[in-house]
Amino acid sequence: MSNVFIINGLPKEEPASIGLMTFKRTDIENAQYSALLKSEIETEKSTEAMYLSSFREYPTRMYNCHGMTFACRRTGIYSDEMIRIILKEEYREIKDRKDVLSGDVVIYFLGTNILHSAMVMSVNHPIIRVLSKSRAHSEIEHLVDYTPYANSEKKFYRINHETPIII
Amino acid sequence: MKRQLSFNNKEVHVIYFVSNSAISLFKMMRDNYFVQNELAQMPATDLINEFLERAGDTKQISSDDMAELYAIFVAITFHDGKEVDDFFSFALSIKHEWFAEIAQYYLSNYTPLPNYKVYNLSPAKPQPKQNTDPAENIIFQEGKQHAL
């Protein structure tokens, strides 16, 4: 006989999604959450120290870090597989840190798992500053290495549309 | 309802704060020392009851509370057995944030198959020379990755 479990406290969420695809027209799964935990706004200030920086604008669950980096803040991308598709189809890795430019993106890996992504805002080697966002929290500009993801491996990528050269 | 578990673990709260997908949350929670070595050491029944009590608390709105709820949820994945399988099958219906996704991930990747068989394959014919290559003595294990 199966065990029976009942809970009432967690409200049902039905995230929306939008049509999103790579430039090669591969569909990218995404989700837009609307409700925001009041406590997430209240605790935001106390977590700024983790970035040695200040949050800007307002918290939202409409998009997450990957939605900011790869979907123009329109929606959230919550699957590692989707990020791998985007990287494979649209980006090339910049192996050497000294070649990183503003406009590149950085992916924070834990083993083979993707933890986080951010956009490179300014480069003054060796100082690299990025714009990022975690969960429902506000966007924040910070040093690429000064984050709660400090122990992760960071890889940089640049857009790569493989435009043919017409001679 | 009185909570049996007390948390004073900032790391668990930070994991929830920084996680950007169900799988990254799951992996980070599973790798966390407190979840692995303290929470997961509790009996599965106690963890399940604690989760149900907390999840049933409609006043629970803080992100730290949510972090602790996920920590308990992930600690249950270190256990196995029918009760745990039933719990995660039920959890597929929790359409709140990432509980259903984590449950699905657990059921797909961590549940052992009921009929677990081990085959020892040895060479069909005696070899004239003793083969020390370990690849020749492969043990095939039928089943998915175990929860532990």
# chains A, B, ... in the order shown; residues from 1 in each chain; ligands from 1

$ interface_residues --of "chain B" --to "chain A" --cutoff "7 Å" --atoms "only C-alpha atoms" --output "list of chain:residue names"
B:Phe17, B:Val18, B:Ser19, B:Asn20, B:Ser21, B:Ser24, B:Leu52, B:Ala55, B:Gly56, B:Asp57, B:Thr58, B:Ile61, B:Ser62, B:Ser63, B:Glu83, B:Asp86, B:Phe90, B:Lys95, B:His96, B:Glu97

$ select_by_dssp --residues "region 21-72 of chain B" --states "helix (DSSP H, G or I)" --output "ChimeraX atom specification"
/B:22-31,33-37,39-41,44-55,63-72

$ write_last_selection --atoms "C-alpha atoms" --output "PDB file, in the first residue's frame"
ATOM      1  CA  ALA B  22      16.458  23.162  -9.933  1.00  0.00           C
ATOM      2  CA  ILE B  23      19.433  20.979 -10.746  1.00  0.00           C
ATOM      3  CA  SER B  24      22.051  23.450  -9.520  1.00  0.00           C
ATOM      4  CA  LEU B  25      20.086  23.826  -6.275  1.00  0.00           C
ATOM      5  CA  PHE B  26      19.842  20.048  -5.934  1.00  0.00           C
ATOM      6  CA  LYS B  27      23.561  19.506  -6.579  1.00  0.00           C
ATOM      7  CA  MET B  28      24.713  22.275  -4.261  1.00  0.00           C
ATOM      8  CA  MET B  29      22.409  21.112  -1.466  1.00  0.00           C
ATOM      9  CA  ARG B  30      23.582  17.524  -1.853  1.00  0.00           C
ATOM     10  CA  ASP B  31      27.217  18.650  -1.719  1.00  0.00           C
ATOM     11  CA  TYR B  33      28.262  19.322   4.525  1.00  0.00           C
ATOM     12  CA  PHE B  34      25.328  20.094   6.814  1.00  0.00           C
ATOM     13  CA  VAL B  35      22.781  18.487   4.487  1.00  0.00           C
ATOM     14  CA  GLN B  36      24.953  15.458   3.831  1.00  0.00           C
ATOM     15  CA  ASN B  37      26.359  14.795   7.297  1.00  0.00           C
ATOM     16  CA  LEU B  39      20.324  16.288   8.027  1.00  0.00           C
ATOM     17  CA  ALA B  40      20.697  13.154   5.929  1.00  0.00           C
ATOM     18  CA  GLN B  41      21.695  11.151   8.996  1.00  0.00           C
ATOM     19  CA  ALA B  44      13.760   9.246   6.289  1.00  0.00           C
ATOM     20  CA  THR B  45      10.431   9.163   8.107  1.00  0.00           C
ATOM     21  CA  ASP B  46      11.466  12.039  10.381  1.00  0.00           C
ATOM     22  CA  LEU B  47      12.690  14.096   7.440  1.00  0.00           C
ATOM     23  CA  ILE B  48       9.513  13.481   5.467  1.00  0.00           C
ATOM     24  CA  ASN B  49       7.354  14.422   8.439  1.00  0.00           C
ATOM     25  CA  GLU B  50       9.406  17.571   8.999  1.00  0.00           C
ATOM     26  CA  PHE B  51       9.069  18.519   5.347  1.00  0.00           C
ATOM     27  CA  LEU B  52       5.315  17.963   5.383  1.00  0.00           C
ATOM     28  CA  GLU B  53       4.882  19.999   8.553  1.00  0.00           C
ATOM     29  CA  ARG B  54       6.879  22.920   7.203  1.00  0.00           C
ATOM     30  CA  ALA B  55       5.356  22.765   3.733  1.00  0.00           C
ATOM     31  CA  SER B  63      13.391  32.707   1.774  1.00  0.00           C
ATOM     32  CA  ASP B  64      15.390  31.173   4.635  1.00  0.00           C
ATOM     33  CA  ASP B  65      12.401  28.966   5.393  1.00  0.00           C
ATOM     34  CA  MET B  66      12.291  27.940   1.746  1.00  0.00           C
ATOM     35  CA  ALA B  67      16.020  27.199   1.820  1.00  0.00           C
ATOM     36  CA  GLU B  68      15.553  24.953   4.834  1.00  0.00           C
ATOM     37  CA  LEU B  69      12.608  23.236   3.187  1.00  0.00           C
ATOM     38  CA  TYR B  70      14.766  22.432   0.173  1.00  0.00           C
ATOM     39  CA  ALA B  71      17.594  21.251   2.447  1.00  0.00           C
ATOM     40  CA  ILE B  72      15.241  18.764   4.113  1.00  0.00           C
TER      41      ILE B  72
END

$ residues_around --residues "Ala100 (chain B)" --least-positions-apart "6" --cutoff "6 Å" --atoms "only C-alpha atoms" --output "list in words"
Ala91, Leu92 and Ile94 of chain B

$ select_by_dssp --residues "chain A" --states "strand (DSSP E)" --output "ChimeraX atom specification"
/A:55-56,91-94,105-110,113-124,127-133,139-143,153-159

$ write_last_selection --atoms "N, CA and C atoms" --output "short mmCIF file (atom, residue, chain, number, x, y, z; two decimals), in the first residue's frame"
data_model
loop_
_atom_site.label_atom_id
_atom_site.label_comp_id
_atom_site.auth_asym_id
_atom_site.auth_seq_id
_atom_site.Cartn_x
_atom_site.Cartn_y
_atom_site.Cartn_z
N PHE A 55 23.01 46.19 -5.00
CA PHE A 55 21.96 45.83 -5.94
C PHE A 55 21.40 47.08 -6.60
N ARG A 56 20.89 46.91 -7.80
CA ARG A 56 20.30 48.05 -8.47
C ARG A 56 18.90 47.69 -8.96
N TYR A 91 27.89 30.67 -29.36
CA TYR A 91 29.05 31.26 -28.68
C TYR A 91 30.31 30.44 -28.92
N ARG A 92 31.45 31.09 -28.74
CA ARG A 92 32.73 30.37 -28.72
C ARG A 92 33.45 30.76 -27.44
N GLU A 93 34.22 29.80 -26.95
CA GLU A 93 34.89 30.05 -25.67
C GLU A 93 36.13 30.93 -25.87
N ILE A 94 36.32 31.85 -24.95
CA ILE A 94 37.55 32.65 -24.92
C ILE A 94 38.43 32.02 -23.84
N VAL A 105 30.32 36.92 -22.20
CA VAL A 105 29.56 36.39 -21.06
C VAL A 105 30.45 35.43 -20.28
N VAL A 106 30.14 35.27 -19.02
CA VAL A 106 30.88 34.33 -18.18
C VAL A 106 29.90 33.31 -17.62
N ILE A 107 30.31 32.05 -17.65
CA ILE A 107 29.50 30.98 -17.08
C ILE A 107 30.27 30.41 -15.89
N TYR A 108 29.57 30.25 -14.78
CA TYR A 108 30.16 29.68 -13.57
C TYR A 108 29.75 28.21 -13.51
N PHE A 109 30.74 27.32 -13.54
CA PHE A 109 30.48 25.89 -13.53
C PHE A 109 30.85 25.29 -12.16
N LEU A 110 30.07 24.30 -11.76
CA LEU A 110 30.43 23.45 -10.64
C LEU A 110 30.48 22.04 -11.21
N ASN A 113 27.99 21.02 -13.96
CA ASN A 113 26.74 21.76 -13.78
C ASN A 113 26.94 23.26 -13.91
N ILE A 114 25.96 23.90 -14.50
CA ILE A 114 26.02 25.34 -14.68
C ILE A 114 25.34 26.01 -13.50
N LEU A 115 26.10 26.81 -12.78
CA LEU A 115 25.56 27.47 -11.60
C LEU A 115 24.99 28.85 -11.91
N HIS A 116 25.66 29.56 -12.80
CA HIS A 116 25.37 30.97 -12.90
C HIS A 116 25.92 31.52 -14.21
N SER A 117 25.35 32.63 -14.66
CA SER A 117 25.92 33.31 -15.83
C SER A 117 25.86 34.81 -15.59
N ALA A 118 26.70 35.54 -16.29
CA ALA A 118 26.73 37.00 -16.14
C ALA A 118 27.31 37.62 -17.40
N MET A 119 27.07 38.93 -17.55
CA MET A 119 27.57 39.66 -18.72
C MET A 119 28.77 40.51 -18.32
N VAL A 120 29.81 40.45 -19.12
CA VAL A 120 31.00 41.27 -18.84
C VAL A 120 30.68 42.72 -19.19
N MET A 121 30.85 43.59 -18.21
CA MET A 121 30.54 45.00 -18.41
C MET A 121 31.77 45.85 -18.70
N SER A 122 32.84 45.56 -17.97
CA SER A 122 34.05 46.35 -18.20
C SER A 122 35.28 45.48 -17.93
N VAL A 123 36.32 45.78 -18.70
CA VAL A 123 37.55 45.01 -18.56
C VAL A 123 38.72 45.98 -18.44
N ASN A 124 39.46 45.85 -17.38
CA ASN A 124 40.69 46.61 -17.18
C ASN A 124 41.66 45.63 -16.54
N ILE A 127 41.29 43.25 -13.90
CA ILE A 127 39.98 43.46 -13.26
C ILE A 127 38.86 43.32 -14.29
N ILE A 128 37.96 42.40 -14.02
CA ILE A 128 36.80 42.21 -14.89
C ILE A 128 35.55 42.39 -14.04
N ARG A 129 34.70 43.28 -14.48
CA ARG A 129 33.44 43.50 -13.77
C ARG A 129 32.28 42.96 -14.61
N VAL A 130 31.32 42.36 -13.94
CA VAL A 130 30.19 41.75 -14.66
C VAL A 130 28.87 42.24 -14.07
N LEU A 131 27.84 42.10 -14.87
CA LEU A 131 26.47 42.37 -14.40
C LEU A 131 25.79 41.03 -14.25
N SER A 132 25.25 40.76 -13.08
CA SER A 132 24.60 39.47 -12.90
C SER A 132 23.33 39.60 -12.07
N LYS A 133 22.68 38.46 -11.91
CA LYS A 133 21.43 38.41 -11.17
C LYS A 133 21.25 36.99 -10.63
N GLU A 139 19.43 42.96 -10.15
CA GLU A 139 20.71 42.87 -10.85
C GLU A 139 21.78 43.53 -10.00
N ILE A 140 23.01 43.08 -10.21
CA ILE A 140 24.12 43.64 -9.43
C ILE A 140 25.39 43.60 -10.26
N GLU A 141 26.13 44.70 -10.22
CA GLU A 141 27.42 44.73 -10.92
C GLU A 141 28.51 44.46 -9.90
N HIS A 142 29.42 43.54 -10.26
CA HIS A 142 30.44 43.14 -9.28
C HIS A 142 31.67 42.59 -9.98
N LEU A 143 32.73 42.37 -9.21
CA LEU A 143 33.94 41.74 -9.74
C LEU A 143 33.62 40.29 -10.11
N GLU A 153 34.27 27.11 -11.37
CA GLU A 153 35.17 27.37 -12.49
C GLU A 153 34.49 28.36 -13.43
N LYS A 154 35.22 29.37 -13.82
CA LYS A 154 34.63 30.40 -14.69
C LYS A 154 35.15 30.25 -16.12
N LYS A 155 34.23 30.25 -17.06
CA LYS A 155 34.61 30.19 -18.47
C LYS A 155 33.95 31.36 -19.20
N PHE A 156 34.71 31.96 -20.10
CA PHE A 156 34.22 33.13 -20.83
C PHE A 156 33.83 32.74 -22.26
N TYR A 157 32.80 33.38 -22.76
CA TYR A 157 32.31 33.09 -24.11
C TYR A 157 32.00 34.38 -24.85
N ARG A 158 32.13 34.30 -26.17
CA ARG A 158 31.81 35.45 -27.01
C ARG A 158 30.86 35.01 -28.11
N ILE A 159 29.94 35.90 -28.47
CA ILE A 159 28.96 35.57 -29.52
C ILE A 159 29.70 35.17 -30.79
#
